[in-house]
file work_2.cif (mmCIF, C-alpha atoms)
data_protein
loop_
_atom_site.label_atom_id
_atom_site.label_comp_id
_atom_site.auth_asym_id
_atom_site.auth_seq_id
_atom_site.Cartn_x
_atom_site.Cartn_y
_atom_site.Cartn_z
CA MET K 1 -0.21 21.70 -23.69
CA VAL K 2 -2.12 24.70 -22.32
CA GLU K 3 -2.67 24.95 -18.58
CA ARG K 4 -5.97 25.99 -17.10
CA SER K 5 -6.64 27.08 -13.51
CA LEU K 6 -5.60 24.73 -10.72
CA GLY K 7 -3.21 22.95 -13.06
CA VAL K 8 -5.73 21.47 -15.51
CA ARG K 9 -4.08 20.68 -18.84
CA GLU K 10 -5.47 20.11 -22.28
CA THR K 11 -4.01 17.25 -24.26
CA PRO K 12 -3.96 16.79 -28.03
CA GLY K 13 -6.73 14.24 -27.63
CA SER K 14 -9.05 16.55 -25.67
CA ILE K 15 -9.48 19.81 -27.57
CA PRO K 16 -11.63 22.39 -25.71
CA GLY K 17 -15.03 22.72 -27.30
CA ALA K 18 -14.72 19.57 -29.39
CA PRO K 19 -17.65 17.13 -29.29
CA ILE K 20 -17.27 14.32 -26.77
CA ARG K 21 -17.41 10.86 -28.27
CA ARG K 22 -19.74 8.50 -26.43
CA VAL K 23 -19.62 4.75 -26.69
CA LYS K 24 -21.49 1.93 -25.07
CA ASN K 25 -20.28 0.80 -21.68
CA VAL K 26 -17.81 -2.03 -22.22
CA SER K 27 -18.55 -3.73 -18.93
CA ALA K 28 -20.75 -6.81 -18.93
CA GLY K 29 -22.39 -5.85 -15.66
CA PRO K 30 -21.90 -3.99 -12.37
CA ALA K 31 -18.63 -5.81 -11.66
CA ASP K 32 -15.68 -7.11 -13.61
CA ARG K 33 -14.16 -10.58 -13.34
CA ARG K 34 -12.48 -9.66 -10.01
CA GLY K 35 -15.67 -8.28 -8.48
CA LEU K 36 -14.62 -4.64 -8.83
CA ARG K 37 -17.14 -1.96 -9.66
CA THR K 38 -17.06 -0.52 -13.17
CA ASP K 39 -19.11 2.66 -12.63
CA ALA K 40 -16.13 4.89 -13.44
CA ALA K 41 -18.25 7.34 -15.46
CA ARG K 42 -19.58 8.86 -12.25
CA PRO K 43 -17.87 12.09 -11.18
CA PHE K 44 -15.74 12.19 -8.05
CA GLY K 45 -17.81 12.19 -4.88
CA SER K 46 -21.15 11.52 -6.63
CA GLN K 47 -23.72 9.47 -4.79
CA ASN K 48 -24.62 6.00 -6.01
CA SER K 49 -27.92 6.15 -7.86
CA ASP K 50 -30.06 3.55 -9.56
CA ASN K 51 -31.27 6.30 -11.93
CA MET K 52 -27.78 7.01 -13.33
CA ASP K 53 -27.42 5.95 -16.96
CA THR K 54 -24.55 3.45 -17.11
CA LYS K 55 -25.17 2.38 -20.71
CA GLU K 56 -23.01 5.20 -22.06
CA ARG K 57 -19.62 6.50 -21.03
CA ALA K 58 -18.00 9.74 -22.20
CA TYR K 59 -14.50 9.48 -23.61
CA PRO K 60 -11.93 10.59 -22.80
CA ILE K 61 -12.61 10.06 -19.11
CA ARG K 62 -11.08 12.69 -16.82
CA VAL K 63 -8.43 11.39 -14.42
CA GLY K 64 -7.11 13.74 -11.75
CA LEU K 65 -3.36 13.67 -11.09
CA LEU K 66 -2.71 15.10 -7.62
CA TYR K 67 0.70 16.31 -6.43
CA GLY K 68 1.99 18.58 -3.68
CA HIS K 69 3.40 21.47 -5.71
CA LYS K 70 5.54 22.12 -8.74
CA PRO K 71 8.32 21.75 -9.44
CA SER K 72 8.76 18.60 -7.39
CA GLY K 73 9.30 14.89 -7.76
CA HIS K 74 5.59 14.29 -7.17
CA TYR K 75 4.82 16.61 -10.09
CA SER K 76 7.35 14.84 -12.32
CA ALA K 77 5.66 11.52 -11.49
CA ALA K 78 2.27 12.97 -12.45
CA ARG K 79 3.66 14.21 -15.76
CA ALA K 80 5.15 10.78 -16.41
CA LEU K 81 1.76 9.13 -15.95
CA ALA K 82 0.12 11.64 -18.28
CA ASP K 83 2.68 10.71 -20.95
CA PHE K 84 1.15 7.23 -21.08
CA PHE K 85 -2.55 8.09 -20.90
CA PRO K 86 -4.09 7.24 -24.31
CA ALA K 87 -5.35 10.64 -25.47
CA HIS K 88 -8.71 9.42 -26.76
CA VAL K 89 -9.41 7.33 -23.66
CA MET K 90 -8.00 9.19 -20.64
CA GLU K 91 -7.63 12.93 -20.14
CA PRO K 92 -5.07 13.92 -17.47
CA VAL K 93 -6.24 16.74 -15.19
CA PHE K 94 -3.36 18.14 -13.13
CA VAL K 95 -4.29 19.26 -9.62
CA ASP K 96 -1.72 21.19 -7.57
CA LEU K 97 -2.45 20.98 -3.82
CA SER K 98 -0.56 24.22 -3.23
CA GLU K 99 -3.16 25.95 -5.41
CA VAL K 100 -6.08 24.28 -3.67
CA TYR K 101 -4.56 25.31 -0.31
CA PRO K 102 -2.35 28.33 -1.12
CA LYS K 103 -1.69 29.31 2.50
CA LEU K 104 -1.28 25.79 3.83
CA GLY K 105 1.00 24.74 0.96
CA SER K 106 3.32 27.70 1.47
CA PHE K 107 3.46 27.07 5.22
CA VAL K 108 4.27 23.37 4.83
CA ALA K 109 6.95 24.02 2.20
CA LYS K 110 8.67 26.69 4.29
CA THR K 111 8.51 24.53 7.41
CA TYR K 112 9.96 21.53 5.57
CA LEU K 113 12.85 23.50 4.08
CA GLY K 114 13.48 25.28 7.37
CA ILE K 115 13.77 22.02 9.30
CA LEU K 116 16.06 20.49 6.68
CA ASN K 117 18.36 23.51 6.67
CA LYS K 118 18.54 24.11 10.42
CA THR K 119 17.71 20.86 12.22
CA PRO K 120 17.81 17.93 9.77
CA ALA K 121 17.81 15.42 12.64
CA LEU K 122 14.38 16.70 13.63
CA TRP K 123 12.98 15.90 10.19
CA ASP K 124 14.43 12.41 10.42
CA TYR K 125 12.62 11.99 13.75
CA VAL K 126 9.31 13.37 12.46
CA TYR K 127 9.40 11.56 9.12
CA ASP K 128 8.19 8.17 10.28
CA ASN K 129 7.66 8.26 14.03
CA GLU K 130 4.84 6.33 15.70
CA LEU K 131 4.30 8.99 18.36
CA VAL K 132 4.13 11.77 15.76
CA ALA K 133 1.84 9.64 13.59
CA LEU K 134 -0.48 9.13 16.56
CA ALA K 135 -0.59 12.87 17.17
CA ALA K 136 -1.19 13.43 13.46
CA ASN K 137 -4.20 11.11 13.61
CA GLY K 138 -5.64 13.27 16.36
CA ILE K 139 -5.08 16.39 14.28
CA LYS K 140 -6.58 14.62 11.28
CA THR K 141 -9.78 13.91 13.17
CA ALA K 142 -10.13 17.55 14.15
CA VAL K 143 -8.81 19.39 11.09
CA PHE K 144 -8.86 17.09 8.07
CA PRO K 145 -12.65 17.09 7.50
CA TYR K 146 -12.43 20.78 6.54
CA TYR K 147 -9.47 20.37 4.18
CA SER K 148 -10.83 17.09 2.85
CA GLY K 149 -14.14 18.73 2.00
CA GLN K 150 -12.31 21.59 0.30
CA LEU K 151 -10.34 19.20 -1.88
CA ARG K 152 -13.35 17.04 -2.70
CA GLU K 153 -15.26 20.11 -3.83
CA ALA K 154 -12.36 21.19 -6.06
CA LEU K 155 -12.31 17.72 -7.64
CA ARG K 156 -16.09 17.66 -8.09
CA GLU K 157 -15.90 20.90 -10.01
CA LYS K 158 -13.50 19.20 -12.43
CA ASN K 159 -15.90 16.30 -13.05
CA LEU K 160 -13.28 13.63 -12.48
CA GLN K 161 -13.98 9.92 -12.91
CA ALA K 162 -10.81 8.80 -11.09
CA VAL K 163 -8.05 10.28 -8.99
CA VAL K 164 -4.35 9.35 -8.81
CA SER K 165 -2.30 10.76 -5.94
CA THR K 166 1.49 10.89 -6.02
CA HIS K 167 1.53 12.60 -2.62
CA ALA K 168 0.63 11.10 0.77
CA LEU K 169 -1.23 14.20 1.97
CA ALA K 170 -3.68 14.07 -0.94
CA ALA K 171 -4.27 10.37 -0.32
CA MET K 172 -4.88 11.04 3.39
CA LEU K 173 -7.38 13.78 2.60
CA LEU K 174 -9.36 11.68 0.14
CA ALA K 175 -9.15 8.21 1.66
CA GLY K 176 -11.34 7.05 4.52
CA ARG K 177 -13.70 4.41 5.69
CA ASP K 178 -16.77 5.98 4.15
CA THR K 179 -16.31 4.85 0.55
CA ALA K 180 -20.00 4.43 -0.25
CA SER K 181 -20.34 8.08 -1.28
CA LYS K 182 -17.14 8.08 -3.37
CA ALA K 183 -17.86 6.47 -6.71
CA ALA K 184 -14.60 7.54 -8.38
CA PRO K 185 -11.72 5.26 -7.34
CA LEU K 186 -8.58 6.65 -5.71
CA PHE K 187 -5.15 5.32 -6.71
CA ALA K 188 -1.81 6.06 -5.02
CA VAL K 189 1.68 6.08 -6.54
CA LEU K 190 4.70 5.93 -4.22
CA THR K 191 7.83 7.75 -5.40
CA ASP K 192 10.23 6.52 -2.70
CA TYR K 193 11.60 3.07 -1.87
CA TYR K 194 9.92 3.14 1.52
CA ALA K 195 6.31 3.52 2.68
CA HIS K 196 6.02 5.76 5.73
CA SER K 197 3.20 5.57 8.25
CA TYR K 198 1.16 8.41 6.73
CA TRP K 199 -0.07 6.44 3.71
CA PRO K 200 -3.70 5.48 4.50
CA PRO K 201 -4.75 1.82 4.67
CA ASN K 202 -8.38 2.38 3.64
CA GLY K 203 -10.04 4.08 0.70
CA VAL K 204 -7.22 3.52 -1.80
CA GLU K 205 -8.19 1.23 -4.66
CA ARG K 206 -4.63 0.35 -5.70
CA TYR K 207 -1.14 1.20 -4.47
CA PHE K 208 1.52 1.25 -7.19
CA ILE K 209 4.87 0.72 -5.47
CA PRO K 210 8.55 0.89 -6.56
CA ASP K 211 9.69 -2.46 -5.20
CA LYS K 212 8.40 -5.50 -3.30
CA SER K 213 10.34 -4.36 -0.24
CA VAL K 214 7.94 -1.40 0.09
CA GLU K 215 5.07 -3.76 0.90
CA ALA K 216 6.22 -4.12 4.52
CA GLY K 217 5.55 -0.46 5.33
CA LEU K 218 2.09 -0.48 3.76
CA LYS K 219 1.19 -3.75 5.49
CA ALA K 220 2.24 -2.22 8.83
CA ASN K 221 -0.20 0.61 8.11
CA GLY K 222 -2.98 -1.93 7.59
CA THR K 223 -3.09 -2.04 3.78
CA GLN K 224 -4.21 -5.34 2.29
CA PRO K 225 -1.56 -7.08 0.14
CA ASN K 226 -3.92 -7.49 -2.82
CA LYS K 227 -4.07 -3.73 -3.18
CA MET K 228 -0.33 -3.42 -3.92
CA ILE K 229 1.15 -3.68 -7.41
CA THR K 230 4.91 -3.49 -7.95
CA THR K 231 5.64 -1.30 -10.96
CA GLY K 232 8.65 0.89 -10.19
CA ILE K 233 8.67 4.70 -10.03
CA PRO K 234 7.19 6.45 -13.09
CA VAL K 235 9.50 8.43 -15.38
CA ARG K 236 8.67 10.40 -18.51
CA LYS K 237 8.94 8.94 -22.01
CA GLU K 238 12.09 10.93 -22.76
CA PHE K 239 13.95 8.71 -20.26
CA LEU K 240 13.18 5.61 -22.29
CA THR K 241 15.52 6.61 -25.12
CA GLN K 242 19.17 5.68 -24.86
CA ALA K 243 21.51 8.18 -26.55
CA ASP K 244 25.19 8.49 -27.35
CA ALA K 245 26.82 10.40 -24.49
CA ARG K 246 29.46 12.00 -26.74
CA GLN K 247 26.80 13.37 -29.08
CA LYS K 248 24.76 14.74 -26.20
CA ARG K 249 27.83 16.45 -24.79
CA LYS K 250 28.43 18.11 -28.14
CA GLU K 251 24.84 19.34 -28.20
CA LEU K 252 25.28 20.84 -24.73
CA GLY K 253 28.50 22.60 -25.69
CA LEU K 254 30.68 20.29 -23.60
CA ALA K 255 33.90 18.49 -24.48
CA PRO K 256 32.71 15.23 -26.07
CA ASP K 257 35.55 13.02 -24.79
CA LEU K 258 35.87 14.31 -21.22
CA PHE K 259 34.51 12.32 -18.26
CA THR K 260 31.26 14.06 -17.33
CA VAL K 261 29.63 14.26 -13.89
CA LEU K 262 26.01 15.33 -13.44
CA LEU K 263 25.50 17.03 -10.07
CA THR K 264 21.86 17.04 -9.07
CA GLY K 265 20.04 18.52 -6.09
CA GLY K 266 16.49 17.82 -7.21
CA SER K 267 13.90 20.45 -8.08
CA LYS K 268 15.02 22.72 -5.24
CA GLY K 269 18.78 22.28 -5.52
CA LEU K 270 19.10 20.78 -2.04
CA GLY K 271 21.93 18.80 -0.49
CA GLU K 272 25.63 19.60 -0.29
CA ILE K 273 25.98 20.35 -3.99
CA ARG K 274 28.49 23.16 -3.49
CA LEU K 275 30.64 20.96 -1.27
CA ALA K 276 30.62 18.25 -3.92
CA ALA K 277 31.52 20.80 -6.60
CA GLU K 278 34.46 22.04 -4.52
CA THR K 279 35.75 18.48 -4.35
CA LEU K 280 35.27 17.88 -8.07
CA LYS K 281 37.04 21.12 -8.91
CA LYS K 282 40.28 19.43 -7.84
CA PHE K 283 40.01 17.30 -10.97
CA ALA K 284 39.89 20.26 -13.37
CA GLY K 285 41.04 19.18 -16.81
CA ARG K 286 40.17 15.56 -16.14
CA LEU K 287 36.40 15.90 -15.87
CA GLN K 288 33.58 18.34 -16.52
CA ILE K 289 30.45 19.06 -14.51
CA VAL K 290 26.81 19.67 -15.36
CA ALA K 291 25.06 21.05 -12.27
CA MET K 292 21.27 20.87 -11.94
CA CYS K 293 20.44 23.59 -9.41
CA GLY K 294 16.67 23.54 -9.72
CA GLU K 295 15.01 26.62 -8.23
CA ASN K 296 18.06 27.35 -6.08
CA LYS K 297 19.39 30.51 -7.77
CA LYS K 298 21.75 31.15 -4.87
CA LEU K 299 23.41 27.80 -5.52
CA GLY K 300 23.79 28.56 -9.23
CA ARG K 301 25.52 31.87 -8.46
CA ALA K 302 27.79 30.21 -5.88
CA LEU K 303 28.91 27.54 -8.35
CA THR K 304 29.51 30.14 -11.05
CA ASP K 305 31.69 32.13 -8.67
CA LEU K 306 33.48 28.97 -7.54
CA PHE K 307 34.51 28.01 -11.07
CA GLY K 308 35.04 31.58 -12.29
CA GLY K 309 33.52 31.05 -15.71
CA ASN K 310 35.41 27.80 -16.33
CA ARG K 311 33.94 26.09 -19.40
CA GLN K 312 34.14 22.76 -17.64
CA LEU K 313 31.09 23.70 -15.55
CA LYS K 314 27.62 23.99 -17.07
CA ILE K 315 24.82 25.31 -14.85
CA ALA K 316 21.33 24.01 -15.53
CA GLY K 317 19.20 26.38 -13.47
CA GLY K 318 15.45 26.43 -13.02
CA PHE K 319 13.09 23.51 -13.51
CA ALA K 320 14.42 21.47 -16.44
CA GLN K 321 11.48 20.80 -18.75
CA HIS K 322 13.44 18.07 -20.57
CA PRO K 323 16.17 16.84 -18.21
CA ALA K 324 16.84 13.53 -19.97
CA SER K 325 19.48 15.08 -22.25
CA LEU K 326 21.49 16.13 -19.18
CA TYR K 327 21.45 12.58 -17.83
CA GLN K 328 22.26 11.13 -21.25
CA ALA K 329 25.40 13.28 -21.46
CA ALA K 330 26.73 12.06 -18.10
CA ASP K 331 29.10 9.23 -17.23
CA LEU K 332 28.21 9.50 -13.54
CA VAL K 333 25.39 11.06 -11.51
CA VAL K 334 26.33 12.53 -8.12
CA GLY K 335 23.78 13.82 -5.63
CA LYS K 336 21.16 13.08 -3.04
CA ALA K 337 18.78 10.15 -3.20
CA GLY K 338 15.45 11.55 -4.36
CA GLY K 339 13.12 8.82 -5.63
CA ILE K 340 12.49 10.41 -9.04
CA THR K 341 16.19 11.18 -9.53
CA ILE K 342 16.99 7.54 -8.80
CA ALA K 343 14.34 6.25 -11.20
CA GLU K 344 15.44 8.60 -14.00
CA THR K 345 19.10 7.68 -13.48
CA MET K 346 18.37 3.97 -13.52
CA ALA K 347 16.12 4.24 -16.59
CA LEU K 348 19.11 5.48 -18.58
CA ASN K 349 21.44 2.95 -16.91
CA LYS K 350 23.72 5.63 -15.46
CA PRO K 351 25.80 4.79 -12.36
CA MET K 352 25.06 6.88 -9.28
CA LEU K 353 27.27 8.11 -6.45
CA LEU K 354 25.21 9.16 -3.44
CA PHE K 355 26.35 12.23 -1.55
CA SER K 356 24.52 14.01 1.32
CA PRO K 357 21.07 12.38 1.05
CA LEU K 358 18.45 14.29 3.01
CA PRO K 359 17.11 12.82 6.28
CA GLY K 360 13.94 10.79 6.11
CA GLN K 361 12.87 9.32 2.80
CA GLU K 362 16.15 9.96 0.98
CA GLU K 363 18.27 8.18 3.57
CA ARG K 364 15.92 5.23 3.25
CA ASN K 365 16.18 5.40 -0.55
CA ALA K 366 19.95 5.36 -0.19
CA GLY K 367 19.72 2.31 2.05
CA PHE K 368 17.72 0.48 -0.62
CA LEU K 369 20.26 1.30 -3.33
CA LEU K 370 23.28 0.31 -1.27
CA LYS K 371 21.68 -2.92 -0.05
CA ASN K 372 21.10 -3.96 -3.65
CA GLY K 373 24.47 -2.82 -5.02
CA LEU K 374 22.89 -0.12 -7.19
CA ALA K 375 25.03 2.85 -6.13
CA ASP K 376 28.20 3.91 -4.36
CA PHE K 377 28.13 6.17 -1.31
CA ALA K 378 30.46 8.98 -0.27
CA GLU K 379 29.84 9.91 3.34
CA ASP K 380 32.17 12.93 3.17
CA PRO K 381 34.28 14.95 0.67
CA ARG K 382 37.34 12.79 1.28
CA ARG K 383 35.48 9.64 0.28
CA LEU K 384 33.98 11.45 -2.71
CA GLU K 385 37.48 12.41 -3.87
CA THR K 386 38.71 8.83 -3.43
CA LEU K 387 35.90 7.36 -5.50
CA ILE K 388 36.27 9.93 -8.29
CA LYS K 389 39.99 9.10 -8.51
CA LYS K 390 39.06 5.44 -8.78
CA TYR K 391 36.57 6.04 -11.61
CA LEU K 392 38.98 8.23 -13.57
CA ARG K 393 41.80 5.71 -13.32
CA HIS K 394 39.63 2.65 -13.88
CA PRO K 395 36.45 3.51 -15.84
CA GLY K 396 35.52 -0.16 -15.77
CA ALA K 397 34.89 0.19 -12.03
CA LEU K 398 31.47 1.58 -12.91
CA ALA K 399 30.57 -1.50 -14.95
CA ALA K 400 29.38 -3.51 -11.93
CA LEU K 401 26.97 -0.76 -10.95
CA LYS K 402 25.61 -0.48 -14.47
CA GLU K 403 25.10 -4.25 -14.65
CA ALA K 404 23.14 -4.26 -11.38
CA ILE K 405 21.07 -1.28 -12.52
CA ALA K 406 20.22 -2.95 -15.83
CA LYS K 407 18.81 -5.95 -13.93
CA THR K 408 16.76 -3.85 -11.49
CA ALA K 409 15.56 -0.77 -13.40
CA ARG K 410 11.87 -0.52 -14.29
CA PRO K 411 11.82 2.26 -16.89
CA TYR K 412 8.29 1.43 -18.06
CA ALA K 413 6.66 1.94 -14.67
CA ALA K 414 4.46 4.80 -15.91
CA ARG K 415 3.09 2.61 -18.70
CA GLU K 416 2.36 -0.23 -16.25
CA ILE K 417 0.60 2.13 -13.85
CA ALA K 418 -1.50 3.66 -16.63
CA ALA K 419 -2.46 0.16 -17.78
CA GLY K 420 -3.35 -0.85 -14.21
CA ILE K 421 -5.61 2.18 -13.81
CA MET K 422 -7.31 1.48 -17.14
CA GLU K 423 -7.85 -2.16 -16.21
CA ARG K 424 -9.61 -1.10 -13.03
CA LEU K 425 -11.72 1.59 -14.69
CA PHE K 426 -12.87 -0.53 -17.64
#

call {"tool": "encode", "arguments": {"input": "work_2.cif", "output": "structure tokens"}}
result
Amino acid sequence: MVERSLGVRETPGSIPGAPIRRVKNVSAGPADRRGLRTDAARPFGSQNSDNMDTKERAYPIRVGLLYGHKPSGHYSAARALADFFPAHVMEPVFVDLSEVYPKLGSFVAKTYLGILNKTPALWDYVYDNELVALAANGIKTAVFPYYSGQLREALREKNLQAVVSTHALAAMLLAGRDTASKAAPLFAVLTDYYAHSYWPPNGVERYFIPDKSVEAGLKANGTQPNKMITTGIPVRKEFLTQADARQKRKELGLAPDLFTVLLTGGSKGLGEIRLAAETLKKFAGRLQIVAMCGENKKLGRALTDLFGGNRQLKIAGGFAQHPASLYQAADLVVGKAGGITIAETMALNKPMLLFSPLPGQEERNAGFLLKNGLADFAEDPRRLETLIKKYLRHPGALAALKEAIAKTARPYAAREIAAGIMERLF
């Protein structure tokens, strides 16, 4: 794929300059069997007009996929959805909010990381606090119209017929009570097992959620139950293929028969990854480690120094374009509880050991996993060491986790979401 400005991508089914195929509108009238409008050919933000020709629709229709920045879990979710868009029917148009708002995006990212590094308890307080949400509503009334208008204009320029947001901020900016002037429907995809108070109740056509338990948070916000569809968290197609772990370890240059731990800190290499690695180093000769450090180059250097070039550590630095092979090689995934990481791990039926989840959404994700018997939890290095000893001595101890994961995982979430969007549009 070739990227254009503001994250727009060309797909094999939408070659630049190629003639656009037009077909007759498949709808039988202005509404489908559920009473929903079917005027999806209108560009985002266009006014309703009786003079608009609805007898023809251009294919592929352009669907905006909005995320906060890349690399990130929100971006990975957007890519997963694009994997399942039929090329001749739907054209994914990637929209990076940090490019629409370059100064604001940088400020928010730095603030978020700064709070997590210095005062994590503050982030936990801010994450889903009624008082903060009330203050945010006041700020939204004063400031959001400007940023909302800026985003709407950027989307209009792309001639989008629908928008899918994997990020709450984008949904907040685009949703609202005045839906009469917004012909293109807005969809929202949650990538955590908890709905915080910033997801808007109005202006979102459909919410695609990871689990039924998430409904409570959206209902508390005022969202109608009939707007929620339980699908799971979207993962890319590469996570739908089971592979032999020994073979994958060979391909990665690892010992094929050695117990393998995947350490993951998400796209930014966050969490106490070094502390976990120090604990795992005690088991040298009995296990090997693949460490996903994301953009955290400092972490990669620290781990390299810690192991002194030991071949039983493999560093996967930078944003992994095809991370599934790293998961497929692992016997156990150790790390924080990011929503996308959880979904990818479960899709491949790999047991997970939670260690140092970040405050806010990740602690709530961890709570969901533990409540449903889908992961183990090490609250400190001593507990991590105890559990690793248990797994090495009794590999069957991981079987119960894998059995629970197999019953709960929803690896085809992206396909279900794409189908739900198509059903609404057509």

call {"tool": "residues_near_point", "arguments": {"input": "work_2.cif", "point": "(6.0, 1.5, 1.5)", "cutoff": "9 Å", "atoms": "all atoms listed in the file", "output": "list in words"}}
result
Leu190, Asp192, Tyr193, Tyr194, Ala195, His196, Ser197, Trp199, Ile209, Pro210, Asp211, Lys212, Ser213, Val214, Glu215, Ala216, Gly217, Leu218 and Lys219 of chain K

call {"tool": "closest_residue", "arguments": {"input": "work_2.cif", "among": "K:Gly339, K:Leu287, K:Leu275, K:Lys297", "to": "Glu362 of chain K", "atoms": "only C-alpha atoms"}}
result
K:Gly339

call {"tool": "closest_residue", "arguments": {"input": "work_2.cif", "among": "K:Val163, K:Leu313, K:Leu262, K:Ala406", "to": "Met292 of chain K", "atoms": "all atoms listed in the file"}}
result
K:Leu262

call {"tool": "closest_residue", "arguments": {"input": "work_2.cif", "among": "K:Ile340, K:Ala347, K:Leu280, K:Ala397", "to": "Pro381 of chain K", "atoms": "only C-alpha atoms"}}
result
K:Leu280

call {"tool": "closest_residue", "arguments": {"input": "work_2.cif", "among": "K:Asn365, K:Asn221, K:Thr341, K:Asn202", "to": "Gly266 of chain K", "atoms": "only C-alpha atoms"}}
result
K:Thr341

call {"tool": "closest_residue", "arguments": {"input": "work_2.cif", "among": "K:Asn349, K:Thr279, K:Thr230, K:Gln161", "to": "Ala409 of chain K", "atoms": "only C-alpha atoms"}}
result
K:Asn349

call {"tool": "closest_residue", "arguments": {"input": "work_2.cif", "among": "K:Thr191, K:Gln328, K:Lys281, K:Pro234", "to": "Arg246 of chain K", "atoms": "all atoms listed in the file"}}
result
K:Gln328

call {"tool": "atom_distance", "arguments": {"input": "work_2.cif", "atom1": "atom CA of Glu423 of chain K", "atom2": "atom CA of Ala168 of chain K"}}
result
23.2 Å

call {"tool": "residues_near_point", "arguments": {"input": "work_2.cif", "point": "(-3.7, 3.0, -19.1)", "cutoff": "12 Å", "atoms": "only C-alpha atoms", "output": "number ranges by chain"}}
result
K: 60-61, 63, 81-92, 413-426

call {"tool": "write_last_selection", "arguments": {"input": "work_2.cif", "atoms": "C-alpha atoms", "output": "CSV table (one decimal), in the coordinates of the input"}}
result
chain,number,residue,atom,x,y,z
K,60,PRO,CA,-11.9,10.6,-22.8
K,61,ILE,CA,-12.6,10.1,-19.1
K,63,VAL,CA,-8.4,11.4,-14.4
K,81,LEU,CA,1.8,9.1,-16.0
K,82,ALA,CA,0.1,11.6,-18.3
K,83,ASP,CA,2.7,10.7,-21.0
K,84,PHE,CA,1.2,7.2,-21.1
K,85,PHE,CA,-2.6,8.1,-20.9
K,86,PRO,CA,-4.1,7.2,-24.3
K,87,ALA,CA,-5.4,10.6,-25.5
K,88,HIS,CA,-8.7,9.4,-26.8
K,89,VAL,CA,-9.4,7.3,-23.7
K,90,MET,CA,-8.0,9.2,-20.6
K,91,GLU,CA,-7.6,12.9,-20.1
K,92,PRO,CA,-5.1,13.9,-17.5
K,413,ALA,CA,6.7,1.9,-14.7
K,414,ALA,CA,4.5,4.8,-15.9
K,415,ARG,CA,3.1,2.6,-18.7
K,416,GLU,CA,2.4,-0.2,-16.2
K,417,ILE,CA,0.6,2.1,-13.8
K,418,ALA,CA,-1.5,3.7,-16.6
K,419,ALA,CA,-2.5,0.2,-17.8
K,420,GLY,CA,-3.4,-0.8,-14.2
K,421,ILE,CA,-5.6,2.2,-13.8
K,422,MET,CA,-7.3,1.5,-17.1
K,423,GLU,CA,-7.8,-2.2,-16.2
K,424,ARG,CA,-9.6,-1.1,-13.0
K,425,LEU,CA,-11.7,1.6,-14.7
K,426,PHE,CA,-12.9,-0.5,-17.6

call {"tool": "atom_distance", "arguments": {"input": "work_2.cif", "atom1": "atom CA of Gly285 of chain K", "atom2": "atom CA of Phe377 of chain K"}}
result
24.0 Å

call {"tool": "resolve_selection", "arguments": {"input": "work_2.cif", "expression": "the PyMOL selection byres ((chain K and resi 240) around 10)", "output": "PyMOL selection string"}}
result
chain K and resi 235-239+241-243+324+344+347-348+411-412

call {"tool": "resolve_selection", "arguments": {"input": "work_2.cif", "expression": "the PyMOL selection byres ((chain K and resi 70-77) around 7)", "output": "PyMOL selection string"}}
result
chain K and resi 67-69+78-81+166-167+234-235+267+319+340

call {"tool": "write_last_selection", "arguments": {"input": "work_2.cif", "atoms": "C-alpha atoms", "output": "JSON list (two decimals), in the frame of the given file"}}
result
[["chain", "number", "residue", "atom", "x", "y", "z"],
["K", 67, "TYR", "CA", 0.70, 16.31, -6.43],
["K", 68, "GLY", "CA", 1.99, 18.58, -3.68],
["K", 69, "HIS", "CA", 3.40, 21.47, -5.71],
["K", 78, "ALA", "CA", 2.27, 12.97, -12.45],
["K", 79, "ARG", "CA", 3.66, 14.21, -15.76],
["K", 80, "ALA", "CA", 5.15, 10.78, -16.41],
["K", 81, "LEU", "CA", 1.76, 9.13, -15.95],
["K", 166, "THR", "CA", 1.49, 10.89, -6.02],
["K", 167, "HIS", "CA", 1.53, 12.60, -2.62],
["K", 234, "PRO", "CA", 7.19, 6.45, -13.09],
["K", 235, "VAL", "CA", 9.50, 8.43, -15.38],
["K", 267, "SER", "CA", 13.90, 20.45, -8.08],
["K", 319, "PHE", "CA", 13.09, 23.51, -13.51],
["K", 340, "ILE", "CA", 12.49, 10.41, -9.04]]

call {"tool": "atom_distance", "arguments": {"input": "work_2.cif", "atom1": "atom CA of Leu374 of chain K", "atom2": "atom CA of Met352 of chain K"}}
result
7.6 Å

call {"tool": "resolve_selection", "arguments": {"input": "work_2.cif", "expression": "the PyMOL selection byres ((chain K and resi 186) around 12)", "output": "ChimeraX atom specification"}}
result
/K:40,44-45,63-66,152,155,160-166,170-176,179,182-185,187-189,200,202-208,227,421,424-425
